[in-house]
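Visitor: The structure's right below; bear with me while I get my questions together.
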Amino acid sequence: MTTDLYGGRLARAVRLRADGRAEEARELLLSLRAEFPDDAAVAYQTAWAHDVLDREAEAVPHYRAAIAGDLPETDLRDAMLGLGSTLRALGRDGEAAEVFEQALARFPADRPLRVFRAMLRYNTGDAREAVADLLRLLADTTEDPDIRRYGRALRHYAEDLDRSWLR
């Protein structure tokens with residue numbers, strides 16, 4: 001028999017956020033953070049609630065605490081994506097790039113991380129690499145038969161967008 005360390009409060013906060021009651025969730029999560037300051041799961045949910053409320057700057061320390069803690073791999077990946085995306089939204093591009101590089105080193109095949117890194121690359125003036133990343137993702141993941149027909153060409157162009165492959 002397992003006991004719920006949080007007395008059902010963490011699950012309630014997650015439900016509140018999912019039900020569109022993010023401010024109530026945030027308040028409950030902040031009280032849980034005060035009670036369990038080193039708990040990675042609580043920190044992750046607190047960061048997420050802040051992000052939902054467009055309180056990105058307040059989300060950052062909670063994301064960092066979550067990542068520094070002991071999260072399951074899926075939550076860790078999502079927390080790293082959340083932190084990188086939040087830092088990008090705040091214009092803290094250098095920090096965001098570090099987070100995405102660390103996340104992709106740990107989760108190299110993660111497609112959402114690659115998409116969010118492409119957005120950062122676009123924001124930092126590296127549109128060529130951003131488009132190349134997105135072309136590779138499109139070629140690798142599309143179910144559209146018309147686009148799949150051009151998969152080889154898309155992969156070639158992703159390697160050098162300025163080169164004409166039809167010379």
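Ligands are numbered from 1 in the order shown, residues from 1 within each chain, and chains are lettered A, B, ... in the order they appear in the structure tokens.
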Give the alpha helix (DSSP H) residues of region 8-160 of chain A, as assigned by DSSP on the backbone, as a PyMOL selection string.
Guide: chain A and resi 9-18+22-35+40-52+56-68+73-89+93-106+111-123+127-141+145-148+151-159
Visitor: Could you make a table, as JSON lines, of the residues of region 14-115 of chain A that have an atom within 9 Å of an atom of region 120-137 of chain A, each with its nearest atom pair and distance in Å to one decimal, counting only C-alpha atoms, in chain and number order?
Guide:
```
{"residue": "A:Gly84", "atom": "CA", "partner": "A:Leu120", "partner_atom": "CA", "distance": 8.9}
{"residue": "A:Ser85", "atom": "CA", "partner": "A:Leu120", "partner_atom": "CA", "distance": 8.2}
{"residue": "A:Arg88", "atom": "CA", "partner": "A:Leu120", "partner_atom": "CA", "distance": 6.3}
{"residue": "A:Gly91", "atom": "CA", "partner": "A:Asn123", "partner_atom": "CA", "distance": 8.8}
{"residue": "A:Asp93", "atom": "CA", "partner": "A:Leu120", "partner_atom": "CA", "distance": 7.1}
{"residue": "A:Ala96", "atom": "CA", "partner": "A:Leu120", "partner_atom": "CA", "distance": 7.7}
{"residue": "A:Ala97", "atom": "CA", "partner": "A:Leu120", "partner_atom": "CA", "distance": 7.4}
{"residue": "A:Arg111", "atom": "CA", "partner": "A:Leu137", "partner_atom": "CA", "distance": 7.3}
{"residue": "A:Arg114", "atom": "CA", "partner": "A:Asp133", "partner_atom": "CA", "distance": 7.1}
{"residue": "A:Val115", "atom": "CA", "partner": "A:Leu134", "partner_atom": "CA", "distance": 6.7}
```
Visitor: Those residues with N, CA, C and O atoms, as a PDB file, in the first residue's frame please?
Guide:
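The new file result27.pdb reads:
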```pdb
ATOM      1  N   GLY A  84      13.329  25.570 -21.804  1.00  0.00           N
ATOM      2  CA  GLY A  84      13.910  26.148 -23.024  1.00  0.00           C
ATOM      3  C   GLY A  84      12.929  27.059 -23.736  1.00  0.00           C
ATOM      4  O   GLY A  84      13.281  28.166 -24.158  1.00  0.00           O
ATOM      5  N   SER A  85      11.692  26.620 -23.852  1.00  0.00           N
ATOM      6  CA  SER A  85      10.667  27.419 -24.517  1.00  0.00           C
ATOM      7  C   SER A  85      10.375  28.702 -23.751  1.00  0.00           C
ATOM      8  O   SER A  85      10.224  29.771 -24.338  1.00  0.00           O
ATOM      9  N   ARG A  88      13.202  31.127 -24.203  1.00  0.00           N
ATOM     10  CA  ARG A  88      13.100  31.706 -25.550  1.00  0.00           C
ATOM     11  C   ARG A  88      12.048  32.811 -25.565  1.00  0.00           C
ATOM     12  O   ARG A  88      12.282  33.895 -26.087  1.00  0.00           O
ATOM     13  N   GLY A  91      13.191  35.988 -24.226  1.00  0.00           N
ATOM     14  CA  GLY A  91      14.303  36.617 -24.924  1.00  0.00           C
ATOM     15  C   GLY A  91      15.656  36.249 -24.349  1.00  0.00           C
ATOM     16  O   GLY A  91      16.662  36.877 -24.680  1.00  0.00           O
ATOM     17  N   ASP A  93      17.875  34.021 -25.026  1.00  0.00           N
ATOM     18  CA  ASP A  93      18.201  33.046 -26.059  1.00  0.00           C
ATOM     19  C   ASP A  93      19.422  32.190 -25.746  1.00  0.00           C
ATOM     20  O   ASP A  93      19.438  30.996 -26.056  1.00  0.00           O
ATOM     21  N   ALA A  96      18.384  29.612 -23.327  1.00  0.00           N
ATOM     22  CA  ALA A  96      17.494  28.662 -24.000  1.00  0.00           C
ATOM     23  C   ALA A  96      18.305  27.696 -24.861  1.00  0.00           C
ATOM     24  O   ALA A  96      18.042  26.484 -24.859  1.00  0.00           O
ATOM     25  N   ALA A  97      19.300  28.216 -25.580  1.00  0.00           N
ATOM     26  CA  ALA A  97      20.133  27.360 -26.429  1.00  0.00           C
ATOM     27  C   ALA A  97      20.857  26.307 -25.594  1.00  0.00           C
ATOM     28  O   ALA A  97      20.930  25.132 -25.985  1.00  0.00           O
ATOM     29  N   ARG A 111      11.449  14.711 -31.036  1.00  0.00           N
ATOM     30  CA  ARG A 111      11.022  15.631 -32.096  1.00  0.00           C
ATOM     31  C   ARG A 111      10.505  16.967 -31.574  1.00  0.00           C
ATOM     32  O   ARG A 111      10.853  18.007 -32.138  1.00  0.00           O
ATOM     33  N   ARG A 114      13.318  19.237 -30.962  1.00  0.00           N
ATOM     34  CA  ARG A 114      13.907  19.729 -32.208  1.00  0.00           C
ATOM     35  C   ARG A 114      13.074  20.857 -32.806  1.00  0.00           C
ATOM     36  O   ARG A 114      13.621  21.820 -33.355  1.00  0.00           O
ATOM     37  N   VAL A 115      11.753  20.759 -32.702  1.00  0.00           N
ATOM     38  CA  VAL A 115      10.888  21.831 -33.222  1.00  0.00           C
ATOM     39  C   VAL A 115      11.102  23.117 -32.436  1.00  0.00           C
ATOM     40  O   VAL A 115      11.267  24.198 -33.015  1.00  0.00           O
TER      41      VAL A 115
END
```
Visitor: Calculate how many Å separate CA of Leu104 (chain A) from CA of Arg163 (chain A), rounding to one decimal.
Guide: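 Answer for the CA of Leu104 (chain A) to CA of Arg163 (chain A) separation: 27.6 Å.
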Visitor: Please identify all polymer residues within 7 Å of Met80 (chain A), counting only C-alpha atoms, omitting same-chain residues fewer than 6 positions from it, and present them as a list in words.
Guide: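 Here the qualifying residues turn out to be Ile67, Val99 and Ala103 of chain A.
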Visitor: Could you write out the selected residues, including C-alpha atoms, as a compact mmCIF listing (two decimals), in the first residue's frame?
Guide:
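Result saved to result_27.txt:
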```
# COMPACT_ATOMS: atom_id res chain seq x y z
CA ILE A 67 15.26 19.57 -13.62
CA VAL A 99 18.89 24.06 -22.27
CA ALA A 103 18.03 18.27 -23.58
```
Visitor: Counting only C-alpha atoms, which residue out of A:His50, A:Arg148, A:Arg12, A:Arg106 sits closest to Arg26 (chain A)?
Guide: A:His50
Visitor: Extract, using only C-alpha atoms, all DNA, RNA and protein residues at most 9 Å from Asp51 (chain A), discarding same-chain residues fewer than 5 positions from it, and format them as a ChimeraX atom specification.
Guide: /A:46,56-60,82,86
Visitor: Can you pull out the residues contacting Asp75 (chain A)? Cut-off 12 Å, using only C-alpha atoms, and skip same-chain residues under 3 positions away; I want them as a PyMOL selection string.
Guide: chain A and resi 40-45+47-48+63+66-67+69-72+78-83+103
Visitor: For Glu24 (chain A), which of A:Phe36, A:Arg9, A:Pro108, A:Glu143 is the closest residue, counting only C-alpha atoms?
Guide: A:Arg9
Visitor: What is the distance, in Å and to one decimal place, between CA of Ala49 (chain A) and CA of Ala68 (chain A)?
Guide: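 CA of Ala68 (chain A) lies 18.4 Å from CA of Ala49 (chain A).
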Visitor: Using only C-alpha atoms, which residue out of A:Leu16, A:Leu10, A:Ala118, A:Leu76 lies closest to Ser31 (chain A)?
Guide: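 Closest residue, counting only C-alpha atoms: A:Leu10.
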Visitor: Taking only C-alpha atoms into account, which of A:Ala89, A:Asp110, A:Arg117, A:Leu5 comes nearest Glu73 (chain A)?
Guide: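 When distances to Glu73 (chain A) are compared using only C-alpha atoms, the smallest one comes from A:Asp110.
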Visitor: Under the rule that only C-alpha atoms are counted, which of A:Ala139, A:Arg77, A:Asp144, A:Gln102 is the nearest residue to Ala158 (chain A)?
Guide: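 Residue with the minimum atom-to-atom distance to Ala158 (chain A): A:Ala139.
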Visitor: Of the candidates A:Tyr6, A:Asp146, A:Thr74, A:Leu90, which shows the shortest atom-to-atom distance to Glu35 (chain A), using only C-alpha atoms?
Guide: A:Tyr6
Visitor: CA of Leu87 (chain A) and CA of Ala34 (chain A) are how many Å apart?
Guide: 24.0 Å
